[in-house]
$ cat final28.csv   # CSV, C-alpha atoms and all ligand atoms
chain,number,residue,atom,x,y,z
A,131,MET,CA,60.2,29.4,108.5
A,132,SER,CA,58.1,32.4,107.5
A,133,ILE,CA,55.8,32.9,104.5
A,134,LEU,CA,54.7,36.2,103.1
A,135,ILE,CA,51.3,36.2,101.3
A,136,ASP,CA,51.5,39.3,99.1
A,137,ASN,CA,49.3,41.2,96.7
A,138,ILE,CA,46.1,40.3,98.6
A,139,GLY,CA,43.2,42.2,96.9
A,140,GLU,CA,41.0,42.1,100.0
A,141,LEU,CA,42.0,40.8,103.4
A,142,VAL,CA,39.3,39.9,106.0
A,143,THR,CA,40.9,40.1,109.4
A,144,ASN,CA,37.7,40.0,111.5
A,145,ASP,CA,39.5,42.6,113.7
A,146,PRO,CA,37.9,46.1,113.4
A,147,GLY,CA,41.1,47.5,114.9
A,148,LEU,CA,43.1,46.4,111.9
A,149,GLY,CA,40.9,47.4,109.0
A,150,ASP,CA,37.5,48.7,107.9
A,151,GLY,CA,34.1,47.7,109.3
A,152,PRO,CA,33.2,44.7,111.5
A,153,LEU,CA,35.3,42.4,109.2
A,154,GLY,CA,38.4,44.6,109.6
A,155,VAL,CA,38.9,44.6,105.8
A,156,ILE,CA,42.3,45.7,104.4
A,157,ASN,CA,42.5,46.3,100.7
A,158,GLY,CA,45.9,45.9,99.0
A,159,ALA,CA,47.2,43.8,101.9
A,160,ALA,CA,49.8,41.3,102.9
A,161,LEU,CA,50.2,38.8,105.7
A,162,VAL,CA,53.2,37.0,107.1
A,163,ALA,CA,52.9,33.6,108.8
A,164,GLU,CA,55.6,32.2,111.0
A,165,ASP,CA,55.5,28.6,112.1
A,166,THR,CA,51.9,28.0,113.0
A,167,GLY,CA,50.9,31.6,113.7
A,168,VAL,CA,50.2,34.9,112.0
A,169,ALA,CA,53.2,37.2,112.6
A,170,TRP,CA,52.1,40.4,110.7
A,171,VAL,CA,49.2,41.8,108.7
A,172,GLY,CA,48.9,45.1,107.0
A,173,SER,CA,49.2,47.1,103.9
A,174,ALA,CA,51.3,45.3,101.2
A,175,GLU,CA,53.7,48.3,100.8
A,176,HIS,CA,54.8,47.9,104.4
A,177,ALA,CA,55.2,44.1,104.3
A,178,PRO,CA,58.4,42.8,106.0
A,179,PRO,CA,60.6,40.2,104.2
A,180,ALA,CA,60.0,36.5,104.7
A,181,ASP,CA,61.6,33.2,103.7
A,182,GLU,CA,59.0,32.4,101.1
A,183,ARG,CA,56.6,34.5,99.1
A,184,VAL,CA,53.2,33.6,97.8
A,185,ASP,CA,51.5,35.9,95.3
A,186,ALA,CA,47.8,36.1,95.9
A,187,ALA,CA,47.4,38.0,92.6
A,188,GLY,CA,44.7,40.3,93.8
A,189,ARG,CA,42.6,37.5,95.3
A,190,ALA,CA,40.6,37.8,98.6
A,191,VAL,CA,42.0,36.2,101.8
A,192,LEU,CA,39.9,35.4,104.8
A,193,PRO,CA,40.2,33.4,108.1
A,194,GLY,CA,39.6,29.6,107.7
A,195,PHE,CA,36.1,28.6,108.4
A,196,VAL,CA,35.3,27.4,112.0
A,197,ASP,CA,32.6,24.8,111.8
A,198,SER,CA,31.4,24.5,115.4
A,199,HIS,CA,28.8,21.7,114.8
A,200,SER,CA,29.2,18.4,113.0
A,201,HIS,CA,28.5,14.7,113.4
A,202,LEU,CA,31.3,13.1,111.3
A,203,VAL,CA,31.6,9.7,113.0
A,204,PHE,CA,28.9,7.3,111.7
A,205,ALA,CA,28.2,4.4,109.4
A,206,GLY,CA,25.5,3.9,106.8
A,207,ASP,CA,23.7,6.0,104.2
A,208,ARG,CA,20.3,7.7,104.4
A,209,ALA,CA,19.9,8.8,100.8
A,210,ALA,CA,16.7,6.9,100.5
A,211,GLU,CA,15.3,8.7,103.5
A,212,PHE,CA,16.3,12.0,101.9
A,213,ALA,CA,14.6,11.1,98.7
A,214,ALA,CA,11.4,10.1,100.5
A,215,ARG,CA,11.4,13.4,102.4
A,216,MET,CA,11.8,15.3,99.2
A,217,ALA,CA,8.8,13.3,97.9
A,218,GLY,CA,6.7,14.7,100.9
A,219,GLU,CA,7.4,12.7,104.0
A,220,PRO,CA,8.0,14.8,107.1
A,221,TYR,CA,11.3,14.9,109.1
A,222,THR,CA,10.9,13.7,112.7
A,223,GLY,CA,14.4,13.0,113.9
A,224,GLY,CA,13.6,9.3,114.1
A,225,GLY,CA,16.1,8.4,111.3
A,226,ILE,CA,18.9,8.8,113.9
A,227,ARG,CA,18.0,5.2,114.9
A,228,THR,CA,18.9,3.9,111.5
A,229,THR,CA,22.4,5.5,111.8
A,230,VAL,CA,22.7,4.1,115.4
A,231,ALA,CA,22.1,0.5,114.1
A,232,ALA,CA,24.6,0.9,111.3
A,233,THR,CA,27.2,2.6,113.5
A,234,ARG,CA,27.1,0.0,116.2
A,235,ALA,CA,27.7,-2.7,113.6
A,236,ALA,CA,30.7,-1.0,112.0
A,237,PRO,CA,34.3,-1.7,113.0
A,238,ASP,CA,36.5,1.0,114.4
A,239,GLY,CA,38.5,1.3,111.2
A,240,GLU,CA,35.4,2.1,109.1
A,241,LEU,CA,34.3,4.8,111.5
A,242,LEU,CA,37.7,6.4,111.6
A,243,ASP,CA,37.9,6.2,107.7
A,244,THR,CA,34.6,8.0,107.4
A,245,ALA,CA,35.5,10.7,109.9
A,246,THR,CA,38.9,11.2,108.2
A,247,ARG,CA,37.4,11.4,104.8
A,248,LEU,CA,34.8,13.9,105.8
A,249,ARG,CA,37.4,16.0,107.7
A,250,ALA,CA,39.5,16.2,104.6
A,251,GLU,CA,36.4,17.0,102.5
A,252,ALA,CA,35.6,19.9,104.9
A,253,LEU,CA,39.3,21.2,104.8
A,254,ARG,CA,39.3,21.2,101.0
A,255,GLN,CA,36.3,23.6,101.3
A,256,GLY,CA,38.1,25.9,103.7
A,257,THR,CA,37.1,24.5,107.2
A,258,THR,CA,40.3,24.7,109.2
A,259,THR,CA,38.7,24.2,112.6
A,260,ILE,CA,35.9,21.7,113.2
A,261,GLU,CA,33.9,20.3,116.1
A,262,VAL,CA,32.8,16.7,115.9
A,263,LYS,CA,30.2,15.0,118.1
A,264,SER,CA,29.5,11.4,119.1
A,265,GLY,CA,25.8,10.4,119.4
A,266,TYR,CA,25.3,7.4,117.2
A,267,GLY,CA,26.5,4.8,119.7
A,268,LEU,CA,24.2,5.4,122.6
A,269,ASN,CA,25.8,2.8,124.9
A,270,VAL,CA,29.1,3.0,126.8
A,271,ALA,CA,31.3,1.1,124.5
A,272,ASP,CA,30.1,2.6,121.2
A,273,GLU,CA,29.9,6.2,122.4
A,274,THR,CA,33.5,5.8,123.7
A,275,ARG,CA,34.8,4.4,120.4
A,276,LEU,CA,33.0,7.2,118.4
A,277,LEU,CA,34.7,9.8,120.6
A,278,ARG,CA,38.1,8.1,120.2
A,279,ALA,CA,37.7,8.3,116.4
A,280,ALA,CA,36.5,12.0,116.6
A,281,PHE,CA,39.5,12.8,118.7
A,282,GLU,CA,41.8,11.4,116.0
A,283,VAL,CA,40.5,14.0,113.5
A,284,THR,CA,40.0,17.1,115.7
A,285,PRO,CA,40.7,18.4,119.2
A,286,GLU,CA,37.1,19.8,119.5
A,287,THR,CA,35.1,16.8,120.4
A,288,THR,CA,31.7,16.7,122.0
A,289,PHE,CA,30.0,13.9,124.0
A,290,LEU,CA,26.5,13.5,122.8
A,291,GLY,CA,25.3,10.4,124.5
A,292,ALA,CA,22.0,12.2,125.0
A,293,HIS,CA,21.2,12.4,121.3
A,294,LEU,CA,18.2,10.1,121.5
A,295,VAL,CA,16.9,7.4,124.0
A,296,PRO,CA,18.0,4.1,122.3
A,297,ASP,CA,15.3,1.5,121.7
A,298,GLU,CA,16.4,-0.8,124.5
A,299,TYR,CA,15.6,2.1,127.0
A,300,ALA,CA,12.4,3.2,125.4
A,301,ASP,CA,10.2,2.4,128.4
A,302,ARG,CA,12.7,3.7,131.0
A,303,PRO,CA,14.3,6.9,129.6
A,304,ASP,CA,15.4,8.1,133.1
A,305,ASP,CA,17.6,5.0,133.4
A,306,TYR,CA,19.2,5.9,130.2
A,307,VAL,CA,19.8,9.5,131.4
A,308,ALA,CA,21.4,8.0,134.6
A,309,LEU,CA,23.7,5.9,132.4
A,310,VAL,CA,24.7,8.9,130.3
A,311,CYS,CA,25.4,11.0,133.4
A,312,GLY,CA,27.4,8.2,135.1
A,313,GLU,CA,29.3,5.4,133.4
A,314,MET,CA,29.1,6.8,129.8
A,315,LEU,CA,30.3,10.2,130.8
A,316,GLN,CA,33.2,8.8,132.7
A,317,ALA,CA,34.2,6.7,129.7
A,318,ALA,CA,33.9,9.7,127.4
A,319,LEU,CA,36.0,12.1,129.5
A,320,PRO,CA,39.5,11.2,128.1
A,321,TYR,CA,38.3,12.0,124.5
A,322,ALA,CA,35.8,14.9,124.9
A,323,ASN,CA,36.0,18.6,125.9
A,324,TRP,CA,32.3,19.4,125.4
A,325,VAL,CA,29.0,17.9,126.5
A,326,ASP,CA,25.8,18.3,124.4
A,327,VAL,CA,22.1,17.2,124.6
A,328,PHE,CA,19.3,17.1,122.1
A,329,CYS,CA,16.7,19.0,124.1
A,330,GLU,CA,13.6,18.4,122.1
A,331,ARG,CA,10.1,16.8,122.2
A,332,GLY,CA,10.7,13.1,121.5
A,333,ALA,CA,14.4,13.3,122.7
A,334,PHE,CA,15.2,14.8,126.1
A,335,ASP,CA,13.0,17.2,128.2
A,336,ALA,CA,14.2,20.1,130.3
A,337,ASP,CA,14.9,18.1,133.5
A,338,GLN,CA,16.7,15.3,131.6
A,339,SER,CA,18.7,17.8,129.6
A,340,ARG,CA,19.6,19.8,132.8
A,341,ALA,CA,20.8,16.5,134.4
A,342,VAL,CA,23.1,15.6,131.4
A,343,LEU,CA,24.6,19.1,131.1
A,344,SER,CA,25.1,19.5,134.8
A,345,ALA,CA,26.9,16.2,135.1
A,346,GLY,CA,29.1,17.1,132.2
A,347,LEU,CA,29.9,20.5,133.6
A,348,LYS,CA,30.7,19.0,137.0
A,349,ALA,CA,33.1,16.5,135.3
A,350,GLY,CA,34.9,19.5,133.8
A,351,LEU,CA,33.4,19.6,130.3
A,352,SER,CA,31.9,22.7,128.8
A,353,ALA,CA,28.3,22.7,127.5
A,354,ARG,CA,26.6,23.2,124.2
A,355,VAL,CA,22.9,22.3,123.4
A,356,HIS,CA,20.8,21.2,120.5
A,357,ALA,CA,18.0,23.6,121.2
A,358,ASN,CA,14.6,24.6,119.6
A,359,GLN,CA,15.1,22.8,116.3
A,360,LEU,CA,11.8,21.2,115.7
A,361,SER,CA,9.6,23.2,118.1
A,362,ALA,CA,9.8,25.9,120.7
A,363,GLY,CA,11.0,24.4,124.0
A,364,PRO,CA,13.2,24.9,127.0
A,365,GLY,CA,16.6,24.3,125.2
A,366,VAL,CA,17.7,27.9,124.6
A,367,GLN,CA,16.8,29.1,128.1
A,368,LEU,CA,18.6,26.1,129.6
A,369,ALA,CA,21.7,26.8,127.5
A,370,VAL,CA,21.8,30.4,128.7
A,371,GLU,CA,21.1,29.5,132.3
A,372,LEU,CA,23.9,27.0,132.4
A,373,GLY,CA,26.3,29.2,130.6
A,374,ALA,CA,26.6,27.0,127.5
A,375,ALA,CA,29.0,28.2,124.8
A,376,SER,CA,26.3,27.7,122.2
A,377,ALA,CA,22.6,27.0,121.6
A,378,ASP,CA,22.5,25.2,118.2
A,379,HIS,CA,19.6,25.3,115.7
A,380,CYS,CA,17.4,28.1,117.3
A,381,THR,CA,14.8,27.6,114.6
A,382,HIS,CA,11.7,28.0,116.8
A,383,LEU,CA,12.3,30.9,119.2
A,384,THR,CA,9.9,32.8,121.5
A,385,ASP,CA,10.5,36.5,122.3
A,386,ASP,CA,11.9,35.4,125.7
A,387,ASP,CA,14.3,33.1,124.0
A,388,VAL,CA,15.6,35.9,121.7
A,389,ALA,CA,15.8,38.2,124.7
A,390,ALA,CA,17.8,35.6,126.7
A,391,LEU,CA,20.3,35.1,123.8
A,392,ALA,CA,20.6,38.9,123.3
A,393,GLY,CA,22.2,39.5,126.7
A,394,ALA,CA,24.1,36.2,126.9
A,395,GLU,CA,27.6,34.8,126.3
A,396,THR,CA,25.8,31.9,124.7
A,397,VAL,CA,26.1,32.0,120.9
A,398,ALA,CA,23.1,31.3,118.7
A,399,THR,CA,24.5,28.8,116.2
A,400,LEU,CA,22.3,28.5,113.1
A,401,LEU,CA,22.5,25.4,110.9
A,402,PRO,CA,20.7,26.2,107.6
A,403,GLY,CA,21.9,23.0,106.0
A,404,ALA,CA,19.4,21.2,108.2
A,405,GLU,CA,16.5,23.3,107.1
A,406,PHE,CA,17.6,22.9,103.5
A,407,SER,CA,17.7,19.1,103.8
A,408,THR,CA,14.5,18.7,105.7
A,409,ARG,CA,12.7,21.4,103.7
A,410,SER,CA,11.8,23.3,106.9
A,411,PRO,CA,11.4,27.0,107.6
A,412,TYR,CA,14.8,28.7,108.2
A,413,PRO,CA,15.7,30.3,111.6
A,414,ASP,CA,15.1,34.0,111.8
A,415,ALA,CA,18.7,35.3,111.8
A,416,ARG,CA,17.7,38.9,111.4
A,417,ARG,CA,15.6,38.8,114.5
A,418,LEU,CA,18.6,37.4,116.5
A,419,ILE,CA,21.1,39.8,115.0
A,420,ASP,CA,18.9,42.9,115.4
A,421,ALA,CA,18.3,41.9,119.0
A,422,GLY,CA,22.0,41.8,119.7
A,423,ALA,CA,22.6,38.1,119.9
A,424,THR,CA,25.9,36.6,118.6
A,425,VAL,CA,25.2,34.4,115.6
A,426,ALA,CA,27.4,31.6,114.3
A,427,LEU,CA,26.9,29.4,111.2
A,428,ALA,CA,27.8,25.7,111.1
A,429,SER,CA,27.2,22.8,108.8
A,430,ASP,CA,25.6,20.2,111.1
A,431,CYS,CA,27.2,17.7,108.8
A,432,ASN,CA,25.5,14.4,109.5
A,433,PRO,CA,24.1,11.5,107.4
A,434,GLY,CA,20.4,12.3,108.1
A,435,SER,CA,19.3,15.9,108.3
A,436,SER,CA,22.3,17.8,106.7
A,437,TYR,CA,24.8,15.8,104.7
A,438,THR,CA,26.9,18.8,103.7
A,439,SER,CA,30.4,19.7,104.9
A,440,SER,CA,30.4,22.9,103.0
A,441,MET,CA,30.6,26.2,104.9
A,442,PRO,CA,30.4,28.2,101.7
A,443,PHE,CA,27.0,26.5,101.0
A,444,CYS,CA,25.8,27.5,104.5
A,445,ILE,CA,27.0,31.1,103.9
A,446,ALA,CA,25.0,31.2,100.6
A,447,LEU,CA,21.9,29.8,102.3
A,448,ALA,CA,22.2,32.3,105.2
A,449,VAL,CA,22.4,35.2,102.8
A,450,ARG,CA,19.7,34.1,100.4
A,451,GLU,CA,17.3,32.4,102.8
A,452,MET,CA,18.0,34.0,106.2
A,453,ARG,CA,18.5,37.6,105.1
A,454,MET,CA,22.0,37.9,106.6
A,455,THR,CA,24.3,40.2,104.7
A,456,PRO,CA,27.4,38.6,103.1
A,457,ALA,CA,29.6,40.3,105.7
A,458,GLU,CA,27.4,38.9,108.6
A,459,ALA,CA,27.4,35.4,107.1
A,460,VAL,CA,31.2,35.4,106.6
A,461,TRP,CA,31.7,36.7,110.2
A,462,ALA,CA,29.3,34.1,111.6
A,463,ALA,CA,31.2,31.2,109.7
A,464,THR,CA,34.6,32.3,111.0
A,465,ALA,CA,34.6,34.6,114.1
A,466,GLY,CA,31.1,33.4,115.2
A,467,GLY,CA,32.2,29.8,115.1
A,468,ALA,CA,35.3,30.6,117.1
A,469,ARG,CA,33.0,32.3,119.8
A,470,ALA,CA,30.8,29.2,119.8
A,471,LEU,CA,33.9,27.1,120.6
A,472,ARG,CA,35.3,29.7,122.9
A,473,ARG,CA,38.5,29.9,120.9
A,474,GLU,CA,40.5,33.2,120.7
A,475,ASP,CA,43.2,31.8,118.4
A,476,VAL,CA,41.0,31.1,115.3
A,477,GLY,CA,38.3,32.9,113.3
A,478,ALA,CA,40.4,36.0,112.8
A,479,LEU,CA,43.7,36.9,111.1
A,480,ARG,CA,45.9,39.0,113.5
A,481,PRO,CA,49.3,38.7,115.1
A,482,ASP,CA,49.5,35.8,117.6
A,483,GLY,CA,46.4,34.1,116.1
A,484,ARG,CA,46.7,30.8,114.2
A,485,ALA,CA,47.8,30.9,110.6
A,486,ASP,CA,44.6,29.3,109.3
A,487,LEU,CA,43.3,31.0,106.2
A,488,LEU,CA,41.9,30.7,102.7
A,489,ILE,CA,42.9,32.3,99.5
A,490,LEU,CA,39.7,32.6,97.4
A,491,ASP,CA,39.7,32.4,93.7
A,492,ALA,CA,37.7,35.7,93.8
A,493,PRO,CA,38.4,39.4,94.5
A,494,SER,CA,36.0,39.6,97.4
A,495,TYR,CA,34.5,37.5,100.2
A,496,VAL,CA,31.1,38.5,98.8
A,497,HIS,CA,31.6,35.9,96.1
A,498,LEU,CA,31.0,33.1,98.6
A,499,ALA,CA,27.3,34.0,98.5
A,500,TYR,CA,27.3,35.6,95.0
A,501,ARG,CA,28.6,32.5,93.3
A,502,PRO,CA,26.9,29.6,95.2
A,503,GLY,CA,28.0,26.1,94.5
A,504,VAL,CA,31.3,27.2,92.9
A,505,PRO,CA,34.5,25.8,94.4
A,506,LEU,CA,36.1,29.1,95.2
A,507,VAL,CA,38.8,28.0,97.6
A,508,HIS,CA,42.1,28.5,95.7
A,509,ARG,CA,44.6,27.6,98.4
A,510,ILE,CA,44.4,26.9,102.1
A,511,MET,CA,46.9,27.6,104.9
A,512,HIS,CA,46.3,25.4,107.9
A,513,ASN,CA,48.5,25.6,111.0
A,514,GLY,CA,50.9,27.7,109.0
A,515,VAL,CA,51.3,25.1,106.2
A,516,ILE,CA,50.1,26.2,102.8
A,517,ARG,CA,48.6,23.7,100.4
A,601,ZN,ZN,23.5,18.3,115.3

$ encode --input "final28.csv" --output "structure tokens" --more "lines below"
Ligand SMILES: [Zn+2]
Amino acid sequence: MSILIDNIGELVTNDPGLGDGPLGVINGAALVAEDTGVAWVGSAEHAPPADERVDAAGRAVLPGFVDSHSHLVFAGDRAAEFAARMAGEPYTGGGIRTTVAATRAAPDGELLDTATRLRAEALRQGTTTIEVKSGYGLNVADETRLLRAAFEVTPETTFLGAHLVPDEYADRPDDYVALVCGEMLQAALPYANWVDVFCERGAFDADQSRAVLSAGLKAGLSARVHANQLSAGPGVQLAVELGAASADHCTHLTDDDVAALAGAETVATLLPGAEFSTRSPYPDARRLIDAGATVALASDCNPGSSYTSSMPFCIALAVREMRMTPAEAVWAATAGGARALRREDVGALRPDGRADLLILDAPSYVHLAYRPGVPLVHRIMHNGVIR
């Protein structure tokens, strides 16, 4: 079964070998998908025949968004905390405890329903690949059932037992770290391919974070880190040192942190929804890009500090508030996210890649930032199936 998408006004391939500029843009393009993959891209006049034809009518087509950072498995609602923050209360990260209490009390079915609903919400807005973390269970049984639910909605799942020290371990945090590195990690392994830690003052320090990441790596997981969100700290350096795929947040960076990311495989994943929702200063994307770091954009979708599943919203914030160009922001939300998940098959539209794409109700990808808040996704192809 093959599908020809014809009459594409502007095709973003993210492959400079296929088109113009870093986004590899082809004007007047066509694309053929076969089964779950891309079979052909190029100029519309050279398009081969296919079983079915979709007329894009001059619209822009781009790779599906790759959201490399989300927390979709939880219970409860923190709208009141958001309202209080907008009335002037500072964000400390302590609200995670509220979600932990609600999540522990929720049955499996409710957790899976929430994750499924939010996954569908993200897909409607163009997110074809998404990473989902645990982190609101903070004990062996609850972290395991969160990961089991996450694994039902995506293959990219992250064990975040080290999100916060739960209240019952408040006076013996190192015992909690030992639990995370031991029994909890073992229980998580069947349902996770990543390990993550919130390396931050008030969460886990450098030694504790190193212990968690090292244990995960030794068990065969790959690493990613919540780093330098609320203050400058050791997270970014640790991520680079341990070869983590991504250092996420990167809001407070020293010159050494920027230099470390500039020469590293570790992607700097920026989560502007968090700064928006906590009314905090945004990360300095220009400084990172100009230094040569690889930048990704992700939603950080979670009930406390960034309750948005919208990658177009993150693109608009990155352009308006973080001085990224529209092209840089679109690349970061697609190819950048793929790098942050070490995926070669998504984040670009080229032969042998996955047929995950969006048809925008707009002539150019620039409209994602130019028309903020407007639902511009016209149609989505996910795993070769168009809807
Ligand atoms: Zn997060």

$ residues_around --input "final28.csv" --residues "region 261-277 of chain A" --least-positions-apart "2" --cutoff "8 Å" --atoms "all atoms listed in the file" --output "VMD selection string"
chain A and resid 197 to 204 226 to 227 229 to 230 233 to 234 238 241 259 279 to 281 284 to 296 313 to 314 317 to 318 321 to 322

$ write_last_selection --input "final28.csv" --atoms "C-alpha atoms" --output "CSV table (one decimal), in the frame of the given file"
chain,number,residue,atom,x,y,z
A,197,ASP,CA,32.6,24.8,111.8
A,198,SER,CA,31.4,24.5,115.4
A,199,HIS,CA,28.8,21.7,114.8
A,200,SER,CA,29.2,18.4,113.0
A,201,HIS,CA,28.5,14.7,113.4
A,202,LEU,CA,31.3,13.1,111.3
A,203,VAL,CA,31.6,9.7,113.0
A,204,PHE,CA,28.9,7.3,111.7
A,226,ILE,CA,18.9,8.8,113.9
A,227,ARG,CA,18.0,5.2,114.9
A,229,THR,CA,22.4,5.5,111.8
A,230,VAL,CA,22.7,4.1,115.4
A,233,THR,CA,27.2,2.6,113.5
A,234,ARG,CA,27.1,0.0,116.2
A,238,ASP,CA,36.5,1.0,114.4
A,241,LEU,CA,34.3,4.8,111.5
A,259,THR,CA,38.7,24.2,112.6
A,279,ALA,CA,37.7,8.3,116.4
A,280,ALA,CA,36.5,12.0,116.6
A,281,PHE,CA,39.5,12.8,118.7
A,284,THR,CA,40.0,17.1,115.7
A,285,PRO,CA,40.7,18.4,119.2
A,286,GLU,CA,37.1,19.8,119.5
A,287,THR,CA,35.1,16.8,120.4
A,288,THR,CA,31.7,16.7,122.0
A,289,PHE,CA,30.0,13.9,124.0
A,290,LEU,CA,26.5,13.5,122.8
A,291,GLY,CA,25.3,10.4,124.5
A,292,ALA,CA,22.0,12.2,125.0
A,293,HIS,CA,21.2,12.4,121.3
A,294,LEU,CA,18.2,10.1,121.5
A,295,VAL,CA,16.9,7.4,124.0
A,296,PRO,CA,18.0,4.1,122.3
A,313,GLU,CA,29.3,5.4,133.4
A,314,MET,CA,29.1,6.8,129.8
A,317,ALA,CA,34.2,6.7,129.7
A,318,ALA,CA,33.9,9.7,127.4
A,321,TYR,CA,38.3,12.0,124.5
A,322,ALA,CA,35.8,14.9,124.9

$ atom_distance --input "final28.csv" --atom1 "CA of Gln359 (chain A)" --atom2 "CA of Cys380 (chain A)"
5.9 Å

$ residues_near_point --input "final28.csv" --point "(19.6, 34.6, 122.2)" --cutoff "12 Å" --atoms "all atoms listed in the file" --output "number ranges by chain"
A: 357-358, 365-371, 374-400, 414-426

$ closest_residue --input "final28.csv" --among "A:Asn323, A:Ala209, A:Arg509, A:Ala333" --to "Ser436 (chain A)" --atoms "all atoms listed in the file"
A:Ala209

$ atom_distance --input "final28.csv" --atom1 "CA of Arg501 (chain A)" --atom2 "CA of Glu458 (chain A)"
16.6 Å

$ residues_around --input "final28.csv" --residues "Asp304 (chain A)" --least-positions-apart "6" --cutoff "10 Å" --atoms "only C-alpha atoms" --output "JSON, numbers by chain"
{"A": [295, 310, 334, 338]}

$ closest_atom_pairs --input "final28.csv" --of "region 177-216 of chain A" --to "region 489-498 of chain A" --cutoff "7 Å" --atoms "only C-alpha atoms" --output "CSV"
residue,atom,partner,partner_atom,distance
A:Gly188,CA,A:Pro493,CA,6.4
A:Arg189,CA,A:Pro493,CA,4.7
A:Ala190,CA,A:Pro493,CA,4.9
A:Val191,CA,A:Ile489,CA,4.6
A:Leu192,CA,A:Ile489,CA,6.8

$ atom_distance --input "final28.csv" --atom1 "CA of Arg354 (chain A)" --atom2 "CA of Val342 (chain A)"
11.0 Å

$ closest_residue --input "final28.csv" --among "A:Ala485, A:Leu447, A:Cys431, A:Ala163" --to "ligand ZN 601 (chain A)" --atoms "all atoms listed in the file"
A:Cys431
